[in-house]
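K.L.:
I have a structure I would like to understand better, so I am pasting it below and will then ask my questions one at a time.
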Amino acid sequence: MDIVRTIAKSIRDYKKQSILTIVIVFFEVIIESLVPFVMSILIDYGIRENNLTLCIWLSVCLVVMTVICFITGVEAGFMASTAACGLTKNLRHDLYYKLQTYSFKNIDKFQTASIVTRITTDCTNVQHAYLMLIRTAIRAPIMLVLALVLTFISNWVIGLIYLGVAIVLGIILFLLIIKAHPYFEKGVYTYDDLNGVVQENLQGIRVVKSFNKEEVEMSKFDKVSTKIFSLFSNGEKISAFESPVSQLAIYMMMVVLCYFGTRFIVLEGSMTVGVLSSLISYAWMVLNTLMLISMVFVNIIIAASSAERIYEMLKEESDIVSKPNPVVEVTSGDVEFNHVSFSYGKQGEKLVLDDINFKVKEGDVVGILGGTGSSKTSLINLIARLYDVSKGEVKVGGINVKDYDLKSLRDKIAVVLQKNTLFSGTIKDNLRWGNENATDEEMIEACKLAQAHDFIMQFPDKYDTYIEQGGTNVSGGQKQRLCIARALLKNPKVLILDDSTSAVDTKTDSLIREAFREKIPNTTKFIVAQRINSIQDADLILVMNAGKIDDMGTHEELLKRNKIYQEVYYTQNSQGGSIDD
């Protein structure tokens, strides 16, 4: 019920259409159920007794009832479609807005492919189910009850037969649905795997092409696609029994009805032709409504798994939120790590950072060096509170980052992540992510600092050049410099570059660092780098190894005493190489 209540909140401004659909359907079913009853009166008391006046009045009545059924049916369909599509629109809105509140840890929990499936396929499944709920699921039970009641009024013996068949058929259809349910449920979850394969292929399409691995990727896709086909086809095969079972019940009822109808009319005279005509119509109504109800159940079963997955996202709470009455101003760029330990998993799982201690003053440049898996990125992610520490505390401006208003903290900490991302739009649009009110002069200044201005001016449209999704129409080095410029526009207290100059040449890298020293001397800078040349003039260099600080100091100090630093330095200077990050 909590799942239903949570999803029902997304109906919001479409409550009117939902309620009107139910009211219209209720009215439509009553009129439609009375048509056979009026027809029987027309046959028995109009046609049979040659009562022309009654025939005319009842014929007009039937025409009016038919027109009303047509109009209400069309209107109910329109209202139901609007309400269902509106619910889906609001659901996707709520899911997407909820997603924006997630921390990295929340996103890691659901995985990107699963999130995409929930916002697309799962919402569509709920839409179809809701459409059937407010129309078919209202229409079918009411019609079933009215048809049975009117049958009992016409002939209680036939009414008992109809009721018995309805109960038996209902039980059979229910068992079929229960048996089909596991296949549909597994199929819904397998869509995550399918989206995951497609997403991985598109993200790595250049690697796929360069290694001629198209067939391998197609094989992976076929495997998941075949699994979905197998699950849904098995479920549909079971569900397919509904139609022949229902048809068998209909024909059996017709045979029984013909037998008893003939007996009651010819031998006993207790039934009229008009009543028999209405009973035939009610037989079709009873069985058709049972088939409709079974279809509703199938859709609800598919949608139930989707609704549960949507509910999980809507109820997920970010593990990183602002405290009540938080600090709203970052006064300085001092950064301190005080006995910090961190794990991506639950408490007690393997630590990726273990007892990290260091302190830097505002304006200092901090270089971070280490091999693959040494947790350099994990360390800098804690400063902007992209993740929360497991133990200890991280302080910015002398205050624990957990005590800050989250937006205020991140507004003053600019992070250029290892995987640089540009969004579709002009260069100006991308730069204004750093400051939406930035002037052209401010953008030009930031780009000059990031050594991006010169190549931008070579584009025909300059700063109005359109960037394709993901920045595919600029080089890796250009993308990195645009991302650095975007970060600088935040006018941050702390600037974090996570291997953000790896794609630029050493000369450009040197020019960027020189610009930082001259133009933003009061900004604390953390530079994660592969090249020692990028950090050798730093005020403090952290040498990371297996989640711990192996040593820290200046370039000269580390070159004298630290084996890891010495090895990297002499390797790069003798062979021009660099360590992997």
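Ordered as shown in the structure tokens, chains take letters A, B, and onward, while each chain numbers its residues from 1 and ligands are numbered from 1 in the order shown.
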Please provide as a list in words all residues within 10 Å of Ile535 in chain A, with the sequence filter that same-chain residues fewer than 5 positions apart are discarded (counting only C-alpha atoms).
P.N.:
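Those residues are Val365, Val366, Gly367, Ile368, Leu369, Ser510, Arg513, Phe526, Ile527, Val528, Ala529, Gln530, Leu540, Ile541, Thr554 and His555 of chain A.
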K.L.:
Any idea what's packed within 7 Å of range 183-195 of chain A, counting only C-alpha atoms, ignoring anything in its chain fewer than 3 positions away? Could you give it as number ranges by chain?
P.N.:
A: 113-114, 117, 180, 198-199, 221, 224-225, 228, 231-232, 234-235, 302, 305-306
K.L.:
To one decimal place, how far is CA of Asp461 in chain A from CA of Ser502 in chain A in Å?
P.N.:
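Taking CA of Asp461 in chain A as the start and CA of Ser502 in chain A as the end point, the length is 26.9 Å.
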K.L.:
Using only C-alpha atoms, what does the table of range 12-32 of chain A residues within 9 Å of range 83-94 of chain A look like, with each row giving the shortest atom pair and its distance in Å to one decimal, sorted by chain and ascending number, as CSV?
P.N.:
```
residue,atom,partner,partner_atom,distance
A:Arg12,CA,A:Leu87,CA,7.9
A:Asp13,CA,A:Gly86,CA,8.1
A:Tyr14,CA,A:Ala83,CA,5.4
A:Lys15,CA,A:Ala83,CA,7.4
A:Lys16,CA,A:Ala83,CA,8.3
A:Gln17,CA,A:Ala83,CA,5.5
A:Ser18,CA,A:Ala83,CA,5.6
A:Thr21,CA,A:Ala83,CA,8.6
```
K.L.:
For range 47-49 of chain A, work out the shell of residues within 12 Å, counting only C-alpha atoms and skipping chain neighbours fewer than 5 positions away, then give it as a PDB file with C-alpha atoms, in the first residue's frame.
P.N.:
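Result file around.pdb:
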```
ATOM      1  CA  MET A  39     -34.161  -5.097 -26.208  1.00  0.00           C
ATOM      2  CA  SER A  40     -35.946  -8.008 -24.522  1.00  0.00           C
ATOM      3  CA  ILE A  41     -38.913  -5.726 -23.678  1.00  0.00           C
ATOM      4  CA  LEU A  42     -38.976  -4.527 -27.298  1.00  0.00           C
ATOM      5  CA  LEU A  54     -44.018   0.862 -27.945  1.00  0.00           C
ATOM      6  CA  CYS A  55     -41.703  -0.344 -30.731  1.00  0.00           C
ATOM      7  CA  ILE A  56     -41.038   3.225 -31.844  1.00  0.00           C
ATOM      8  CA  LEU A  58     -38.149   1.637 -27.370  1.00  0.00           C
ATOM      9  CA  SER A  59     -36.251   1.884 -30.687  1.00  0.00           C
ATOM     10  CA  THR A 272     -39.833 -15.615 -23.728  1.00  0.00           C
ATOM     11  CA  VAL A 273     -37.717 -15.074 -26.840  1.00  0.00           C
ATOM     12  CA  GLY A 274     -36.835 -11.585 -25.650  1.00  0.00           C
TER      13      GLY A 274
END
```
K.L.:
Using only C-alpha atoms, determine which residues lie at most 9 Å from Arg410 in chain A, disregarding the query and same-chain residues fewer than 4 positions distant; provide the list as a PDB file with N, CA and C atoms, in the first residue's frame.
P.N.:
```
ATOM      1  N   ALA A 384      34.971  17.955  -1.276  1.00  0.00           N
ATOM      2  CA  ALA A 384      33.702  18.572  -1.695  1.00  0.00           C
ATOM      3  C   ALA A 384      32.507  17.786  -1.176  1.00  0.00           C
ATOM      4  N   ARG A 385      32.764  16.829  -0.331  1.00  0.00           N
ATOM      5  CA  ARG A 385      31.738  15.982   0.264  1.00  0.00           C
ATOM      6  C   ARG A 385      30.902  15.262  -0.811  1.00  0.00           C
ATOM      7  N   ASP A 405      26.270  24.013   4.802  1.00  0.00           N
ATOM      8  CA  ASP A 405      25.191  23.830   3.835  1.00  0.00           C
ATOM      9  C   ASP A 405      25.842  23.264   2.576  1.00  0.00           C
ATOM     10  N   LEU A 406      25.284  22.174   2.072  1.00  0.00           N
ATOM     11  CA  LEU A 406      25.921  21.437   0.980  1.00  0.00           C
ATOM     12  C   LEU A 406      26.138  22.309  -0.257  1.00  0.00           C
ATOM     13  N   ALA A 414      35.658  23.950  -6.417  1.00  0.00           N
ATOM     14  CA  ALA A 414      35.516  23.597  -7.830  1.00  0.00           C
ATOM     15  C   ALA A 414      36.293  22.314  -8.096  1.00  0.00           C
ATOM     16  N   VAL A 415      35.601  21.342  -8.682  1.00  0.00           N
ATOM     17  CA  VAL A 415      36.221  20.042  -8.944  1.00  0.00           C
ATOM     18  C   VAL A 415      36.205  19.769 -10.446  1.00  0.00           C
ATOM     19  N   PRO A 492      36.457  29.799  -6.883  1.00  0.00           N
ATOM     20  CA  PRO A 492      36.445  28.898  -5.719  1.00  0.00           C
ATOM     21  C   PRO A 492      37.490  29.246  -4.665  1.00  0.00           C
TER      22      PRO A 492
END
```
K.L.:
Step one, run DSSP on the backbone; step two, keep only residues of range 175-376 of chain A assigned to helix (DSSP H, G or I); then write them as a PyMOL selection string.
P.N.:
chain A and resi 175-203+205-210+214-239+242-268+273-315+376
K.L.:
Need the shell around range 261-264 of chain A: protein/DNA/RNA residues with any atom at most 12 Å away, counting only C-alpha atoms. Skip same-chain ones fewer than 6 positions apart. Format as an NGL selection string?
P.N.:
:A and (154-155 or 157-158 or 253-255 or 270-280)
K.L.:
Residues as selected, C-alpha atoms, written as an mmCIF file, in the first residue's frame, can you do that?
P.N.:
```cif
data_model
loop_
_atom_site.group_PDB
_atom_site.id
_atom_site.type_symbol
_atom_site.label_atom_id
_atom_site.label_comp_id
_atom_site.auth_asym_id
_atom_site.auth_seq_id
_atom_site.Cartn_x
_atom_site.Cartn_y
_atom_site.Cartn_z
ATOM 1 C CA SER A 154 -34.577 -12.731 -15.927
ATOM 2 C CA ASN A 155 -34.030 -16.393 -14.913
ATOM 3 C CA VAL A 157 -31.509 -20.981 -13.026
ATOM 4 C CA ILE A 158 -29.472 -19.470 -15.865
ATOM 5 C CA MET A 253 -22.475 -21.536 -21.867
ATOM 6 C CA MET A 254 -24.059 -21.083 -25.293
ATOM 7 C CA VAL A 255 -24.783 -24.831 -25.485
ATOM 8 C CA SER A 270 -41.661 -20.017 -18.684
ATOM 9 C CA MET A 271 -39.268 -17.968 -20.827
ATOM 10 C CA THR A 272 -39.833 -15.615 -23.728
ATOM 11 C CA VAL A 273 -37.717 -15.074 -26.840
ATOM 12 C CA GLY A 274 -36.835 -11.585 -25.650
ATOM 13 C CA VAL A 275 -35.508 -12.919 -22.350
ATOM 14 C CA LEU A 276 -33.453 -15.563 -24.186
ATOM 15 C CA SER A 277 -31.988 -12.811 -26.390
ATOM 16 C CA SER A 278 -30.969 -10.767 -23.342
ATOM 17 C CA LEU A 279 -29.474 -13.826 -21.635
ATOM 18 C CA ILE A 280 -27.268 -14.495 -24.673
#
```
K.L.:
Please provide as a list in words all residues within 9 Å of Lys376 in chain A, with the sequence filter that same-chain residues fewer than 5 positions apart are discarded (counting only C-alpha atoms).
P.N.:
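Final neighbour list, sorted by chain and number: Ile368, Leu369, Gly370, Gly371, Asn381, Asp498, Val528, Met544, Asn545, Gly547 and Asp581 of chain A.
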K.L.:
Could you tell me, as a ChimeraX atom specification, which residues of range 200-442 of chain A DSSP assigns to strand (DSSP E) when given the backbone?
P.N.:
/A:335-342,353-360,365-370,391-396,399-400,413-416,425-426
K.L.:
Would you list the contacts of Trp284 in chain A as a VMD selection string, taking every protein, DNA or RNA residue within 12 Å and counting only C-alpha atoms, but skipping same-chain residues closer than 5 positions in sequence?
P.N.:
chain A and resid 33 36 143 to 144 147 to 148 151 162 166 246 to 247 249 to 254 257 277 to 279 289 to 292
K.L.:
Could you write those residues out with N, CA and C atoms, as a PDB file, in the first residue's frame?
P.N.:
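For reference, out38.pdb as written:
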```
ATOM      1  N   SER A  33     -25.328  -2.034 -19.954  1.00  0.00           N
ATOM      2  CA  SER A  33     -25.912  -3.245 -19.363  1.00  0.00           C
ATOM      3  C   SER A  33     -27.431  -3.276 -19.519  1.00  0.00           C
ATOM      4  N   PRO A  36     -29.503  -4.799 -23.428  1.00  0.00           N
ATOM      5  CA  PRO A  36     -30.161  -6.089 -23.674  1.00  0.00           C
ATOM      6  C   PRO A  36     -31.520  -6.201 -22.976  1.00  0.00           C
ATOM      7  N   MET A 143     -19.673  -4.284 -14.814  1.00  0.00           N
ATOM      8  CA  MET A 143     -20.454  -4.957 -15.849  1.00  0.00           C
ATOM      9  C   MET A 143     -20.723  -6.412 -15.469  1.00  0.00           C
ATOM     10  N   LEU A 144     -19.742  -7.064 -14.860  1.00  0.00           N
ATOM     11  CA  LEU A 144     -19.912  -8.458 -14.437  1.00  0.00           C
ATOM     12  C   LEU A 144     -21.046  -8.567 -13.420  1.00  0.00           C
ATOM     13  N   ALA A 147     -24.452  -7.684 -15.090  1.00  0.00           N
ATOM     14  CA  ALA A 147     -24.886  -8.756 -15.996  1.00  0.00           C
ATOM     15  C   ALA A 147     -25.434  -9.940 -15.211  1.00  0.00           C
ATOM     16  N   LEU A 148     -24.756 -10.292 -14.110  1.00  0.00           N
ATOM     17  CA  LEU A 148     -25.233 -11.414 -13.282  1.00  0.00           C
ATOM     18  C   LEU A 148     -26.552 -11.073 -12.588  1.00  0.00           C
ATOM     19  N   THR A 151     -29.299 -11.111 -15.086  1.00  0.00           N
ATOM     20  CA  THR A 151     -29.552 -12.504 -15.479  1.00  0.00           C
ATOM     21  C   THR A 151     -30.416 -13.197 -14.435  1.00  0.00           C
ATOM     22  N   TYR A 162     -24.463 -19.165 -14.909  1.00  0.00           N
ATOM     23  CA  TYR A 162     -23.492 -18.111 -15.237  1.00  0.00           C
ATOM     24  C   TYR A 162     -22.522 -17.874 -14.078  1.00  0.00           C
ATOM     25  N   ALA A 166     -18.559 -18.432 -14.118  1.00  0.00           N
ATOM     26  CA  ALA A 166     -17.717 -17.261 -13.836  1.00  0.00           C
ATOM     27  C   ALA A 166     -16.711 -17.560 -12.730  1.00  0.00           C
ATOM     28  N   SER A 246     -11.293 -19.105 -22.125  1.00  0.00           N
ATOM     29  CA  SER A 246     -12.479 -18.242 -22.106  1.00  0.00           C
ATOM     30  C   SER A 246     -13.433 -18.588 -23.255  1.00  0.00           C
ATOM     31  N   GLN A 247     -12.867 -18.849 -24.428  1.00  0.00           N
ATOM     32  CA  GLN A 247     -13.706 -19.223 -25.567  1.00  0.00           C
ATOM     33  C   GLN A 247     -14.446 -20.530 -25.294  1.00  0.00           C
ATOM     34  N   ALA A 249     -15.324 -21.663 -22.393  1.00  0.00           N
ATOM     35  CA  ALA A 249     -16.394 -21.370 -21.435  1.00  0.00           C
ATOM     36  C   ALA A 249     -17.584 -20.702 -22.131  1.00  0.00           C
ATOM     37  N   ILE A 250     -17.286 -19.804 -23.086  1.00  0.00           N
ATOM     38  CA  ILE A 250     -18.369 -19.124 -23.817  1.00  0.00           C
ATOM     39  C   ILE A 250     -19.217 -20.122 -24.595  1.00  0.00           C
ATOM     40  N   TYR A 251     -18.543 -21.012 -25.344  1.00  0.00           N
ATOM     41  CA  TYR A 251     -19.286 -21.982 -26.155  1.00  0.00           C
ATOM     42  C   TYR A 251     -20.065 -22.971 -25.291  1.00  0.00           C
ATOM     43  N   MET A 252     -19.482 -23.347 -24.163  1.00  0.00           N
ATOM     44  CA  MET A 252     -20.201 -24.247 -23.243  1.00  0.00           C
ATOM     45  C   MET A 252     -21.455 -23.553 -22.712  1.00  0.00           C
ATOM     46  N   MET A 253     -21.318 -22.273 -22.369  1.00  0.00           N
ATOM     47  CA  MET A 253     -22.475 -21.536 -21.867  1.00  0.00           C
ATOM     48  C   MET A 253     -23.541 -21.379 -22.948  1.00  0.00           C
ATOM     49  N   MET A 254     -23.092 -21.202 -24.204  1.00  0.00           N
ATOM     50  CA  MET A 254     -24.059 -21.083 -25.293  1.00  0.00           C
ATOM     51  C   MET A 254     -24.846 -22.393 -25.470  1.00  0.00           C
ATOM     52  N   LEU A 257     -27.165 -22.682 -22.539  1.00  0.00           N
ATOM     53  CA  LEU A 257     -28.231 -21.692 -22.678  1.00  0.00           C
ATOM     54  C   LEU A 257     -29.244 -22.131 -23.746  1.00  0.00           C
ATOM     55  N   SER A 277     -32.890 -13.726 -25.685  1.00  0.00           N
ATOM     56  CA  SER A 277     -31.988 -12.811 -26.390  1.00  0.00           C
ATOM     57  C   SER A 277     -31.121 -12.033 -25.407  1.00  0.00           C
ATOM     58  N   SER A 278     -31.736 -11.534 -24.338  1.00  0.00           N
ATOM     59  CA  SER A 278     -30.969 -10.767 -23.342  1.00  0.00           C
ATOM     60  C   SER A 278     -29.981 -11.657 -22.607  1.00  0.00           C
ATOM     61  N   LEU A 279     -30.368 -12.906 -22.339  1.00  0.00           N
ATOM     62  CA  LEU A 279     -29.474 -13.826 -21.635  1.00  0.00           C
ATOM     63  C   LEU A 279     -28.234 -14.151 -22.473  1.00  0.00           C
ATOM     64  N   THR A 289     -16.006  -9.790 -19.725  1.00  0.00           N
ATOM     65  CA  THR A 289     -15.482  -9.033 -18.575  1.00  0.00           C
ATOM     66  C   THR A 289     -14.441  -9.840 -17.817  1.00  0.00           C
ATOM     67  N   LEU A 290     -14.639 -11.160 -17.741  1.00  0.00           N
ATOM     68  CA  LEU A 290     -13.629 -12.007 -17.093  1.00  0.00           C
ATOM     69  C   LEU A 290     -12.314 -11.981 -17.863  1.00  0.00           C
ATOM     70  N   MET A 291     -12.398 -11.987 -19.180  1.00  0.00           N
ATOM     71  CA  MET A 291     -11.183 -11.887 -19.998  1.00  0.00           C
ATOM     72  C   MET A 291     -10.505 -10.539 -19.794  1.00  0.00           C
ATOM     73  N   LEU A 292     -11.312  -9.483 -19.711  1.00  0.00           N
ATOM     74  CA  LEU A 292     -10.755  -8.153 -19.480  1.00  0.00           C
ATOM     75  C   LEU A 292     -10.076  -8.073 -18.118  1.00  0.00           C
TER      76      LEU A 292
END
```
K.L.:
Choose the residue, out of A:Leu169, A:Ile3, A:Val327, A:Ile484, that has the smallest atom-to-atom separation from Asn288 in chain A; count only C-alpha atoms.
P.N.:
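Of the candidates, the smallest distance to Asn288 in chain A is held by A:Leu169.
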K.L.:
Please indicate the distance in Å from CA of Val145 in chain A to CA of Gly170 in chain A, rounded to one decimal place.
P.N.:
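Separating CA of Val145 in chain A from CA of Gly170 in chain A is a distance of 13.6 Å.
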K.L.:
Counting only C-alpha atoms, which of A:Val296, A:Ile68, A:Leu542, A:Ile178 gets nearest to Ala129 in chain A?
P.N.:
A:Val296
K.L.:
As an exercise, work out the distance from CA of Leu422 in chain A to CA of Gly470 in chain A in Å and give it to one decimal place.
P.N.:
5.2 Å
